[in-house]
>>> print(open('target_30.tsv').read())   # TSV, C-alpha atoms
chain	number	residue	atom	x	y	z
A	77	MET	CA	-63.66	11.41	-43.55
A	78	LEU	CA	-67.42	10.98	-43.76
A	79	LEU	CA	-69.46	8.08	-42.43
A	80	SER	CA	-71.44	7.97	-45.69
A	81	GLU	CA	-68.26	6.86	-47.51
A	82	PHE	CA	-68.56	3.48	-45.77
A	83	ASP	CA	-72.18	2.74	-46.65
A	84	TYR	CA	-73.43	0.04	-48.98
A	85	LYS	CA	-76.74	-1.68	-49.72
A	86	LEU	CA	-77.11	-5.31	-48.70
A	87	PRO	CA	-80.14	-7.48	-49.52
A	88	GLU	CA	-81.57	-8.81	-46.24
A	89	THR	CA	-81.63	-12.30	-47.73
A	90	LEU	CA	-77.82	-12.35	-47.58
A	91	ILE	CA	-77.68	-11.83	-43.80
A	92	ALA	CA	-76.81	-15.30	-42.49
A	93	GLN	CA	-79.37	-16.51	-39.93
A	94	LYS	CA	-77.67	-19.85	-39.27
A	95	PRO	CA	-74.10	-21.09	-39.63
A	96	ALA	CA	-72.95	-23.16	-42.60
A	97	ASP	CA	-73.62	-26.89	-42.36
A	98	LYS	CA	-69.96	-27.34	-41.41
A	99	ARG	CA	-67.65	-24.62	-40.17
A	100	GLU	CA	-65.05	-25.17	-42.89
A	101	ASN	CA	-67.62	-25.16	-45.72
A	102	SER	CA	-68.13	-21.40	-45.62
A	103	LYS	CA	-67.16	-19.52	-48.75
A	104	MET	CA	-63.90	-17.60	-48.60
A	105	MET	CA	-63.03	-14.69	-50.86
A	106	VAL	CA	-59.28	-14.19	-51.28
A	107	LEU	CA	-58.10	-10.62	-51.85
A	108	ASP	CA	-54.59	-10.14	-53.19
A	109	ARG	CA	-53.48	-6.58	-52.43
A	110	LEU	CA	-50.46	-6.72	-54.75
A	111	THR	CA	-52.41	-7.64	-57.88
A	112	ASN	CA	-55.90	-6.44	-56.86
A	113	GLN	CA	-57.15	-9.88	-57.86
A	114	ILE	CA	-60.12	-11.62	-56.23
A	115	GLU	CA	-60.49	-15.40	-56.00
A	116	HIS	CA	-63.45	-17.43	-54.77
A	117	LYS	CA	-62.68	-20.41	-52.56
A	118	HIS	CA	-63.97	-22.21	-49.45
A	119	PHE	CA	-62.53	-21.90	-45.99
A	120	TYR	CA	-61.05	-25.41	-46.06
A	121	ASP	CA	-58.70	-24.05	-48.76
A	122	ILE	CA	-56.94	-22.00	-46.08
A	123	THR	CA	-54.59	-24.96	-45.55
A	124	ASP	CA	-53.31	-24.39	-49.10
A	125	LEU	CA	-52.86	-20.65	-48.62
A	126	LEU	CA	-50.80	-20.61	-45.42
A	127	ASP	CA	-47.31	-22.13	-45.07
A	128	ASP	CA	-44.33	-22.22	-42.74
A	129	ASN	CA	-43.66	-18.55	-43.46
A	130	CYS	CA	-46.92	-17.67	-41.67
A	131	VAL	CA	-47.69	-17.20	-37.99
A	132	LEU	CA	-51.41	-17.43	-37.22
A	133	ILE	CA	-52.73	-15.43	-34.27
A	134	LEU	CA	-56.24	-16.09	-32.92
A	135	ASN	CA	-58.41	-14.57	-30.18
A	136	ASN	CA	-59.30	-17.34	-27.72
A	137	THR	CA	-61.98	-15.41	-25.83
A	138	LYS	CA	-65.14	-17.30	-24.93
A	139	VAL	CA	-68.69	-15.98	-25.29
A	140	MET	CA	-70.70	-15.79	-22.07
A	141	PRO	CA	-74.41	-16.69	-21.96
A	142	ALA	CA	-74.89	-12.97	-21.34
A	143	ARG	CA	-78.59	-12.55	-22.20
A	144	LEU	CA	-80.86	-13.14	-19.19
A	145	TYR	CA	-84.63	-12.91	-18.87
A	146	GLY	CA	-86.11	-12.06	-15.50
A	147	TYR	CA	-89.34	-10.90	-13.91
A	148	LYS	CA	-90.28	-8.13	-11.51
A	149	ASP	CA	-92.57	-8.97	-8.62
A	150	THR	CA	-95.35	-7.47	-10.76
A	151	GLY	CA	-94.77	-10.18	-13.37
A	152	ALA	CA	-93.28	-7.78	-15.95
A	153	LYS	CA	-90.63	-9.46	-18.11
A	154	ILE	CA	-87.26	-7.68	-18.24
A	155	GLU	CA	-84.16	-8.51	-20.30
A	156	VAL	CA	-80.73	-8.10	-18.70
A	157	PHE	CA	-77.75	-8.11	-21.07
A	158	LEU	CA	-74.48	-8.53	-19.19
A	159	LEU	CA	-71.64	-6.41	-20.56
A	160	LYS	CA	-68.69	-6.39	-18.18
A	161	GLN	CA	-67.92	-7.73	-14.72
A	162	LYS	CA	-66.73	-5.09	-12.25
A	163	GLU	CA	-65.70	-5.54	-8.63
A	164	ASN	CA	-67.23	-8.37	-6.58
A	165	ASP	CA	-70.65	-9.30	-7.96
A	166	LYS	CA	-71.32	-5.98	-9.69
A	167	TRP	CA	-71.68	-5.82	-13.44
A	168	GLU	CA	-72.36	-3.30	-16.18
A	169	ALA	CA	-75.46	-4.32	-18.10
A	170	LEU	CA	-78.11	-3.17	-20.52
A	171	ILE	CA	-81.71	-3.46	-19.34
A	172	ARG	CA	-84.74	-3.58	-21.63
A	173	PRO	CA	-87.20	-1.97	-21.18
A	174	SER	CA	-85.16	0.27	-18.87
A	175	LYS	CA	-88.12	2.55	-18.14
A	176	ARG	CA	-89.65	-0.27	-16.11
A	177	VAL	CA	-86.83	-0.43	-13.57
A	178	ARG	CA	-85.29	1.93	-11.05
A	179	PRO	CA	-82.55	1.65	-8.42
A	180	GLY	CA	-83.53	-1.08	-6.00
A	181	THR	CA	-85.67	-3.08	-8.46
A	182	LEU	CA	-85.19	-6.82	-7.95
A	183	LEU	CA	-85.44	-9.17	-10.94
A	184	LYS	CA	-85.78	-12.91	-10.49
A	185	ILE	CA	-83.93	-14.81	-13.21
A	186	SER	CA	-84.29	-18.30	-11.70
A	187	ASP	CA	-84.41	-19.99	-8.31
A	188	GLU	CA	-80.60	-19.73	-8.26
A	189	LEU	CA	-80.13	-16.20	-9.55
A	190	SER	CA	-81.61	-12.73	-9.04
A	191	VAL	CA	-80.46	-9.32	-10.23
A	192	GLU	CA	-80.63	-6.13	-8.17
A	193	VAL	CA	-80.77	-2.97	-10.28
A	194	GLN	CA	-78.48	-0.45	-8.58
A	195	MET	CA	-77.88	2.73	-10.59
A	196	PRO	CA	-77.97	4.03	-14.15
A	197	LEU	CA	-74.73	4.87	-15.93
A	198	PRO	CA	-74.38	7.88	-18.22
A	199	ASP	CA	-73.29	5.82	-21.23
A	200	ASP	CA	-75.93	4.58	-23.70
A	201	GLY	CA	-78.48	3.20	-21.27
A	202	LYS	CA	-76.07	1.09	-19.22
A	203	TRP	CA	-76.77	0.20	-15.60
A	204	PHE	CA	-74.85	-1.07	-12.63
A	205	ILE	CA	-76.41	-4.27	-11.34
A	206	LYS	CA	-75.60	-6.74	-8.56
A	207	MET	CA	-75.83	-10.50	-9.09
A	208	ILE	CA	-77.40	-12.37	-6.17
A	209	TYR	CA	-76.80	-16.12	-6.26
A	210	ASN	CA	-75.60	-19.23	-4.46
A	211	GLY	CA	-72.81	-21.32	-5.95
A	212	ASN	CA	-70.69	-20.70	-9.05
A	213	LEU	CA	-72.01	-17.78	-11.08
A	214	PHE	CA	-70.75	-18.96	-14.47
A	215	GLU	CA	-72.19	-22.44	-13.95
A	216	ILE	CA	-75.53	-20.80	-13.20
A	217	LEU	CA	-75.27	-18.56	-16.28
A	218	HIS	CA	-74.73	-21.63	-18.46
A	219	LYS	CA	-77.96	-23.08	-17.08
A	220	VAL	CA	-80.22	-20.02	-17.32
A	221	GLY	CA	-78.48	-17.66	-19.76
A	222	ASN	CA	-78.78	-17.34	-23.52
A	223	ILE	CA	-76.11	-16.82	-26.16
A	224	PRO	CA	-76.08	-13.07	-26.99
A	225	LEU	CA	-76.62	-13.24	-30.74
A	226	PRO	CA	-76.51	-9.96	-32.68
A	227	PRO	CA	-79.88	-8.32	-33.40
A	228	TYR	CA	-79.70	-9.09	-37.14
A	229	ILE	CA	-79.92	-12.83	-36.36
A	230	GLU	CA	-83.64	-13.43	-35.88
A	231	ARG	CA	-84.57	-15.67	-32.98
A	232	ARG	CA	-88.15	-14.84	-32.01
A	233	MET	CA	-89.09	-18.47	-31.60
A	234	VAL	CA	-86.18	-20.52	-30.28
A	235	ASP	CA	-86.60	-24.27	-29.90
A	236	ASP	CA	-84.16	-26.38	-27.90
A	237	GLU	CA	-82.43	-27.65	-31.03
A	238	LEU	CA	-81.74	-24.15	-32.34
A	239	LYS	CA	-80.59	-22.96	-28.91
A	240	LYS	CA	-78.18	-25.91	-28.77
A	241	LEU	CA	-76.89	-25.02	-32.25
A	242	ASP	CA	-76.18	-21.43	-31.20
A	243	PHE	CA	-74.42	-22.54	-28.00
A	244	GLU	CA	-72.12	-24.73	-30.11
A	245	ARG	CA	-71.58	-22.71	-33.27
A	246	TYR	CA	-71.47	-19.13	-31.92
A	247	GLN	CA	-68.21	-20.14	-30.23
A	248	THR	CA	-64.78	-20.92	-31.66
A	249	VAL	CA	-63.41	-24.45	-31.22
A	250	TYR	CA	-60.44	-22.97	-29.34
A	251	ALA	CA	-62.43	-20.68	-27.02
A	252	LYS	CA	-60.87	-20.68	-23.58
A	253	SER	CA	-61.23	-17.48	-21.55
A	254	GLU	CA	-64.86	-16.61	-20.79
A	255	GLY	CA	-65.69	-12.91	-20.87
A	256	SER	CA	-67.07	-11.82	-24.26
A	257	VAL	CA	-70.58	-10.77	-25.18
A	258	ALA	CA	-69.98	-11.46	-28.88
A	259	ALA	CA	-67.93	-14.02	-30.75
A	260	PRO	CA	-64.72	-13.20	-32.62
A	261	THR	CA	-66.56	-14.39	-35.70
A	262	ALA	CA	-63.65	-14.83	-38.12
A	263	GLY	CA	-62.55	-17.71	-35.92
A	264	LEU	CA	-65.87	-19.54	-36.23
A	265	HIS	CA	-64.71	-21.12	-39.50
A	266	PHE	CA	-61.80	-23.02	-37.96
A	267	THR	CA	-62.00	-26.66	-36.94
A	268	LYS	CA	-59.53	-28.59	-34.82
A	269	GLU	CA	-58.64	-30.60	-37.94
A	270	ILE	CA	-57.77	-27.48	-39.93
A	271	LEU	CA	-55.61	-26.14	-37.09
A	272	ALA	CA	-53.82	-29.50	-36.92
A	273	LYS	CA	-53.21	-29.50	-40.69
A	274	LEU	CA	-51.77	-25.99	-40.53
A	275	GLU	CA	-49.41	-27.00	-37.74
A	276	GLN	CA	-48.32	-30.03	-39.78
A	277	LYS	CA	-47.42	-27.63	-42.60
A	278	GLY	CA	-45.23	-25.65	-40.23
A	279	VAL	CA	-47.62	-22.78	-39.55
A	280	GLN	CA	-46.98	-21.52	-36.02
A	281	ILE	CA	-50.11	-20.69	-34.02
A	282	GLY	CA	-50.48	-18.28	-31.12
A	283	TYR	CA	-53.35	-16.90	-29.08
A	284	VAL	CA	-54.32	-13.58	-27.55
A	285	THR	CA	-57.41	-12.78	-25.52
A	286	LEU	CA	-59.59	-9.74	-26.10
A	287	ASP	CA	-62.97	-9.76	-24.39
A	288	VAL	CA	-65.32	-8.55	-27.08
A	289	GLY	CA	-67.76	-5.93	-25.80
A	290	MET	CA	-70.68	-4.11	-27.36
A	291	GLY	CA	-68.33	-1.30	-28.33
A	292	THR	CA	-66.90	-3.34	-31.20
A	293	PHE	CA	-70.35	-3.28	-32.82
A	294	ARG	CA	-71.63	0.06	-31.52
A	295	PRO	CA	-72.92	2.13	-34.46
A	296	VAL	CA	-70.95	5.18	-35.51
A	297	LYS	CA	-73.40	8.05	-35.02
A	298	CYS	CA	-71.30	11.04	-36.06
A	299	ASP	CA	-71.04	12.16	-39.70
A	300	ASN	CA	-67.31	12.81	-39.29
A	301	ILE	CA	-65.86	9.44	-38.28
A	302	LEU	CA	-62.93	11.16	-36.55
A	303	GLU	CA	-65.35	12.17	-33.80
A	304	HIS	CA	-66.18	8.53	-32.97
A	305	HIS	CA	-64.76	7.03	-29.78
A	306	MET	CA	-64.32	3.29	-29.31
A	307	ASP	CA	-65.38	1.63	-26.06
A	308	SER	CA	-62.60	0.12	-23.96
A	309	GLU	CA	-62.08	-3.66	-24.29
A	310	THR	CA	-59.64	-5.57	-22.09
A	311	PHE	CA	-57.00	-7.82	-23.63
A	312	GLU	CA	-54.11	-10.03	-22.62
A	313	ILE	CA	-50.98	-11.23	-24.44
A	314	SER	CA	-48.91	-14.06	-22.97
A	315	ASP	CA	-45.11	-14.30	-22.85
A	316	GLU	CA	-45.30	-17.22	-25.28
A	317	THR	CA	-47.34	-15.32	-27.88
A	318	ALA	CA	-45.22	-12.16	-27.55
A	319	GLU	CA	-42.04	-14.18	-28.14
A	320	LEU	CA	-43.63	-15.99	-31.09
A	321	ILE	CA	-44.62	-12.74	-32.80
A	322	ASN	CA	-41.36	-10.90	-32.14
A	323	ASN	CA	-39.31	-13.83	-33.46
A	324	ALA	CA	-41.54	-14.01	-36.52
A	325	LYS	CA	-41.09	-10.29	-37.26
A	326	GLU	CA	-37.32	-10.58	-36.86
A	327	ASN	CA	-37.26	-13.49	-39.31
A	328	GLY	CA	-39.49	-11.85	-41.91
A	329	LYS	CA	-42.46	-14.14	-41.39
A	330	LYS	CA	-46.01	-12.95	-42.00
A	331	ILE	CA	-48.38	-12.36	-39.10
A	332	VAL	CA	-51.84	-13.58	-40.12
A	333	ALA	CA	-54.46	-12.18	-37.76
A	334	VAL	CA	-57.77	-13.97	-37.37
A	335	GLY	CA	-60.42	-11.29	-36.88
A	336	THR	CA	-60.48	-7.57	-36.23
A	337	THR	CA	-60.27	-8.11	-32.46
A	338	THR	CA	-56.89	-9.80	-32.89
A	339	VAL	CA	-55.76	-6.90	-35.08
A	340	ARG	CA	-56.76	-4.32	-32.49
A	341	THR	CA	-55.09	-6.30	-29.69
A	342	LEU	CA	-51.74	-6.50	-31.48
A	343	GLU	CA	-51.75	-2.98	-32.90
A	344	THR	CA	-52.73	-1.53	-29.51
A	345	ALA	CA	-49.91	-3.39	-27.75
A	346	TYR	CA	-47.41	-2.06	-30.30
A	347	LYS	CA	-48.76	1.46	-29.87
A	348	ILE	CA	-48.30	1.23	-26.08
A	349	TYR	CA	-44.91	-0.51	-25.91
A	350	GLY	CA	-43.30	-0.05	-29.34
A	351	LYS	CA	-43.18	-3.85	-29.66
A	352	ILE	CA	-45.25	-6.88	-28.69
A	353	GLN	CA	-44.76	-7.82	-25.06
A	354	ALA	CA	-46.70	-9.82	-22.51
A	355	CYS	CA	-49.30	-7.56	-20.95
A	356	LYS	CA	-52.80	-7.05	-19.64
A	357	SER	CA	-54.25	-3.83	-20.93
A	358	ALA	CA	-57.23	-2.32	-22.76
A	359	SER	CA	-57.84	-1.22	-26.31
A	360	GLU	CA	-59.71	1.83	-27.49
A	361	LEU	CA	-57.90	1.82	-30.83
A	362	PHE	CA	-60.01	3.00	-33.75
A	363	ILE	CA	-58.45	1.90	-37.06
A	364	TYR	CA	-59.56	3.64	-40.23
A	365	PRO	CA	-57.92	4.76	-43.51
A	366	PRO	CA	-55.15	5.71	-43.69
A	367	TYR	CA	-53.55	3.61	-40.98
A	368	GLU	CA	-50.05	2.12	-41.05
A	369	PHE	CA	-50.18	-1.40	-39.62
A	370	LYS	CA	-47.18	-2.14	-37.42
A	371	VAL	CA	-47.71	-5.82	-36.58
A	372	ILE	CA	-50.16	-7.70	-38.79
A	373	ASP	CA	-49.58	-8.52	-42.44
A	374	ASN	CA	-52.63	-10.55	-43.52
A	375	LEU	CA	-56.15	-10.90	-42.15
A	376	ILE	CA	-58.95	-13.45	-42.08
A	377	THR	CA	-62.23	-11.66	-41.45
A	378	ASN	CA	-65.96	-11.87	-42.07
A	379	PHE	CA	-68.07	-9.43	-44.12
A	380	HIS	CA	-69.06	-6.46	-41.97
A	381	LEU	CA	-72.00	-4.13	-41.52
A	382	PRO	CA	-72.29	-0.88	-43.49
A	383	LYS	CA	-70.85	2.17	-41.70
A	384	SER	CA	-69.21	-0.04	-39.05
A	385	THR	CA	-65.79	0.45	-37.47
A	386	LEU	CA	-64.97	-3.09	-38.62
A	387	LEU	CA	-65.55	-2.14	-42.25
A	388	MET	CA	-63.31	0.89	-41.72
A	389	LEU	CA	-60.55	-1.34	-40.33
A	390	VAL	CA	-60.51	-3.70	-43.31
A	391	SER	CA	-60.65	-0.67	-45.62
A	392	ALA	CA	-57.50	0.61	-43.94
A	393	LEU	CA	-55.75	-2.69	-44.63
A	394	ALA	CA	-56.86	-3.46	-48.19
A	395	GLY	CA	-57.86	-0.01	-49.42
A	396	LYS	CA	-61.43	1.27	-49.39
A	397	ASN	CA	-61.96	0.98	-53.14
A	398	PHE	CA	-60.72	-2.62	-53.24
A	399	ILE	CA	-62.86	-3.59	-50.25
A	400	PHE	CA	-65.99	-2.09	-51.78
A	401	GLU	CA	-65.25	-3.80	-55.08
A	402	ALA	CA	-64.95	-7.08	-53.16
A	403	TYR	CA	-68.20	-6.49	-51.27
A	404	LYS	CA	-69.99	-5.76	-54.55
A	405	GLU	CA	-68.68	-9.04	-55.97
A	406	ALA	CA	-69.66	-10.88	-52.79
A	407	ILE	CA	-73.23	-9.63	-53.11
A	408	GLU	CA	-73.36	-10.64	-56.78
A	409	ASN	CA	-72.10	-14.12	-55.84
A	410	LYS	CA	-74.54	-14.40	-52.93
A	411	TYR	CA	-71.99	-14.64	-50.15
A	412	ARG	CA	-73.52	-14.84	-46.68
A	413	PHE	CA	-72.82	-11.77	-44.53
A	414	TYR	CA	-72.07	-10.93	-40.89
A	415	SER	CA	-71.49	-13.16	-37.86
A	416	TYR	CA	-72.72	-16.52	-39.19
A	417	GLY	CA	-71.66	-15.69	-42.72
A	418	ASP	CA	-68.73	-16.29	-45.07
A	419	CYS	CA	-65.28	-14.76	-44.85
A	420	MET	CA	-62.41	-13.22	-46.75
A	421	TYR	CA	-58.66	-13.64	-46.58
A	422	ILE	CA	-56.77	-10.40	-47.23
A	423	ARG	CA	-53.15	-11.06	-48.16
>>> encode(input="target_30.tsv", output="structure tokens")
Amino acid sequence: MLLSEFDYKLPETLIAQKPADKRENSKMMVLDRLTNQIEHKHFYDITDLLDDNCVLILNNTKVMPARLYGYKDTGAKIEVFLLKQKENDKWEALIRPSKRVRPGTLLKISDELSVEVQMPLPDDGKWFIKMIYNGNLFEILHKVGNIPLPPYIERRMVDDELKKLDFERYQTVYAKSEGSVAAPTAGLHFTKEILAKLEQKGVQIGYVTLDVGMGTFRPVKCDNILEHHMDSETFEISDETAELINNAKENGKKIVAVGTTTVRTLETAYKIYGKIQACKSASELFIYPPYEFKVIDNLITNFHLPKSTLLMLVSALAGKNFIFEAYKEAIENKYRFYSYGDCMYIR
């Protein structure tokens, strides 16, 4: 299967630069796979579309303030993008411009935090770094770090008001476990009120945790998509969520996944264990057509980049032709795309 089969043209004006005025006011396209019908709604209509036959599963990971700006003793400004915490105070990170650092380079981020560059890694310009600090690292990161917005969201000049907006809105209202460098964006549309309404209707709600890494968004560079390899992302499923899902499957209820990260968590767990069970593991699962989904039935998801693994995943669920028809209609109706954009419900 060729990468070019998953390409499409998107006007830059449709790339959302800010979130909707209210989370629930985003547009929502509803795709019915049985009838191949498309409906245009708003996200607040999700309370009409789910019922007590649905179990909603969300990824409760929390985005870290992973983008840091530091200075060498020469005064040169260097960006450090935290990717994954390793043992002790060592992390994997991206460094820009990397040609200006070498092992042993010390970068001052603030009076409370410095970064020691230790050694380059063979994978896509990653480095091992050591964090040097006094106190609680994550408290310091929340003081001096920046929300790691994707590169298609333009933030050359960031005032305090816009920075505050990103800290609030590039995070789900149910975020709990800090460790991601990108938001599980399908969940950005939910409010506490909508979750409460769904529970009142009898919709059962469960949570998994997958720490979203850069690999989820890493471009596919090979013409034959079968040659692409996904980066490893850690995930965790609790006893409570495993029991909820297994009971739902036994009783014929529908598993509604919120976001592609939730899909990959559940499908990976099934691939490993043959069922959903409480676990801490890692996913390198690459889902593309044709793929037989073992756990999830329906999906809430945003509109994804051309040639991305996320677009391939939704194409596997709804069919590539139907997805591309929907994307064409979304462009014609001026839906807002990508992380801060609108969403679709595939049922």
>>> closest_residue(input="target_30.tsv", among="A:Glu100, A:Glu316, A:Glu88, A:Glu309", to="Leu361 of chain A", atoms="only C-alpha atoms")
A:Glu309
>>> closest_atom_pairs(input="target_30.tsv", of="segment 306-389 of chain A", to="segment 116-120 of chain A", cutoff="12 Å", atoms="all atoms listed in the file", output="JSON lines")
{"residue": "A:Ile376", "atom": "CA", "partner": "A:Phe119", "partner_atom": "CA", "distance": 10.0}
{"residue": "A:Thr377", "atom": "CA", "partner": "A:Phe119", "partner_atom": "CA", "distance": 11.2}
{"residue": "A:Asn378", "atom": "CA", "partner": "A:Phe119", "partner_atom": "CA", "distance": 11.3}
>>> atom_distance(input="target_30.tsv", atom1="atom CA of Arg176 of chain A", atom2="atom CA of Lys153 of chain A")
9.5 Å
>>> closest_atom_pairs(input="target_30.tsv", of="segment 106-152 of chain A", to="segment 280-295 of chain A", cutoff="10 Å", atoms="only C-alpha atoms", output="CSV")
residue,atom,partner,partner_atom,distance
A:Asp127,CA,A:Gln280,CA,9.1
A:Asp128,CA,A:Gln280,CA,7.3
A:Asn129,CA,A:Gln280,CA,8.7
A:Cys130,CA,A:Gln280,CA,6.8
A:Val131,CA,A:Gln280,CA,4.8
A:Leu132,CA,A:Ile281,CA,4.7
A:Ile133,CA,A:Gly282,CA,4.8
A:Leu134,CA,A:Tyr283,CA,4.9
A:Asn135,CA,A:Val284,CA,5.0
A:Asn136,CA,A:Thr285,CA,5.4
A:Thr137,CA,A:Thr285,CA,5.3
A:Lys138,CA,A:Asp287,CA,7.9
A:Val139,CA,A:Val288,CA,8.4
>>> closest_residue(input="target_30.tsv", among="A:Leu182, A:Val191, A:Leu90, A:Leu110", to="Gly395 of chain A", atoms="all atoms listed in the file")
A:Leu110
>>> closest_residue(input="target_30.tsv", among="A:Ile205, A:Leu107, A:Val177, A:Leu86", to="Glu408 of chain A", atoms="all atoms listed in the file")
A:Leu86
>>> residues_around(input="target_30.tsv", residues="Asn374 of chain A", least_positions_apart="5", cutoff="6 Å", atoms="all atoms listed in the file", output="JSON, numbers by chain")
{"A": [332, 422, 423]}
